[in-house]
Amino acid sequence: MQLEYFLLLAAALFCIGIYGLITSRNAVRVLMSIELMLNAVNLNLMAFSNDLDPQAVKGQVFTVFVIAIAAAEAAVGLAIVLAIYRNRDTVDMEQFNLLKW
């Protein structure tokens, strides 16, 4: 397939992730938006890797690293959100003022 189709899909996914990141006040939705943006980056890495050098697997290796980092980010982020929910009984981003004096 052509590279442009993959880039358009990745751009659409990234824009949806940015929109969700900016407009959402729910912490779980923010984490999901970040994951969506990381998946758009993975799609770009795979598309460019396949287009530039189909024999090498450099883009695929970077994609595996990004997936591993995204999994760690999701686990730590959800653990933090769960801890805040237990203390504050909400996951609203506007009420996360735990670091204020």
# chains A, B, ... in the order shown; residues from 1 in each chain; ligands from 1
$ residues_around --residues "A:Ile22" --least-positions-apart "5" --cutoff "12 Å" --atoms "only C-alpha atoms" --output "short mmCIF file (atom, residue, chain, number, x, y, z; two decimals) with all heavy atoms, in the first residue's frame"
data_model
loop_
_atom_site.label_atom_id
_atom_site.label_comp_id
_atom_site.auth_asym_id
_atom_site.auth_seq_id
_atom_site.Cartn_x
_atom_site.Cartn_y
_atom_site.Cartn_z
N CYS A 15 -4.35 13.31 15.87
CA CYS A 15 -5.23 14.45 16.11
C CYS A 15 -6.37 14.09 17.07
O CYS A 15 -6.74 14.90 17.92
CB CYS A 15 -5.80 14.96 14.79
SG CYS A 15 -4.57 15.79 13.78
N ILE A 16 -6.91 12.89 16.96
CA ILE A 16 -7.93 12.44 17.90
C ILE A 16 -7.34 12.36 19.31
O ILE A 16 -7.99 12.75 20.29
CB ILE A 16 -8.52 11.09 17.46
CG1 ILE A 16 -9.33 11.27 16.18
CG2 ILE A 16 -9.38 10.49 18.55
CD1 ILE A 16 -9.74 9.97 15.54
N GLY A 17 -6.11 11.89 19.42
CA GLY A 17 -5.44 11.83 20.72
C GLY A 17 -5.20 13.20 21.31
O GLY A 17 -5.41 13.41 22.51
N ALA A 27 -9.01 11.60 34.09
CA ALA A 27 -7.61 11.15 34.02
C ALA A 27 -7.47 9.88 33.19
O ALA A 27 -6.47 9.71 32.49
CB ALA A 27 -7.07 10.93 35.42
N ARG A 29 -9.33 9.00 30.63
CA ARG A 29 -9.43 9.40 29.21
C ARG A 29 -8.15 10.07 28.72
O ARG A 29 -7.76 9.91 27.58
CB ARG A 29 -10.61 10.35 29.01
CG ARG A 29 -11.93 9.67 29.08
CD ARG A 29 -13.03 10.64 28.75
NE ARG A 29 -14.31 10.05 29.05
CZ ARG A 29 -15.38 10.73 29.40
NH1 ARG A 29 -15.32 12.04 29.48
NH2 ARG A 29 -16.51 10.12 29.66
N VAL A 30 -7.50 10.82 29.60
CA VAL A 30 -6.22 11.44 29.23
C VAL A 30 -5.17 10.37 28.96
O VAL A 30 -4.42 10.45 27.96
CB VAL A 30 -5.77 12.43 30.33
CG1 VAL A 30 -4.33 12.85 30.13
CG2 VAL A 30 -6.68 13.63 30.37
N LEU A 31 -5.12 9.35 29.80
CA LEU A 31 -4.17 8.25 29.57
C LEU A 31 -4.49 7.50 28.27
O LEU A 31 -3.58 7.11 27.54
CB LEU A 31 -4.18 7.29 30.75
CG LEU A 31 -3.52 7.80 32.03
CD1 LEU A 31 -3.74 6.82 33.17
CD2 LEU A 31 -2.05 8.03 31.81
N SER A 33 -5.89 8.82 25.66
CA SER A 33 -5.51 9.70 24.56
C SER A 33 -4.00 9.65 24.31
O SER A 33 -3.56 9.66 23.16
CB SER A 33 -5.93 11.13 24.87
OG SER A 33 -7.33 11.23 24.97
N ILE A 34 -3.24 9.56 25.37
CA ILE A 34 -1.78 9.44 25.22
C ILE A 34 -1.44 8.12 24.55
O ILE A 34 -0.55 8.06 23.68
CB ILE A 34 -1.09 9.59 26.59
CG1 ILE A 34 -1.23 11.02 27.09
CG2 ILE A 34 0.38 9.20 26.51
CD1 ILE A 34 -0.78 11.22 28.51
N MET A 93 -9.43 15.84 36.58
CA MET A 93 -8.09 16.44 36.54
C MET A 93 -8.07 17.81 37.22
O MET A 93 -7.02 18.24 37.69
CB MET A 93 -7.61 16.59 35.10
CG MET A 93 -7.43 15.28 34.37
SD MET A 93 -6.00 14.38 34.90
CE MET A 93 -4.71 15.29 34.13
#
$ residues_around --residues "stretch 74-90 of chain A" --least-positions-apart "3" --cutoff "10 Å" --atoms "only C-alpha atoms" --output "PyMOL selection string"
chain A and resi 26-28+30-32+34-35+68-71+93-98
$ closest_residue --among "A:Glu73, A:Leu38, A:Phe48, A:Arg25" --to "A:Tyr5" --atoms "only C-alpha atoms"
A:Phe48
$ select_by_dssp --residues "chain A" --states "alpha helix (DSSP H)" --output "number ranges by chain"
A: 3-23, 27-52, 58-88
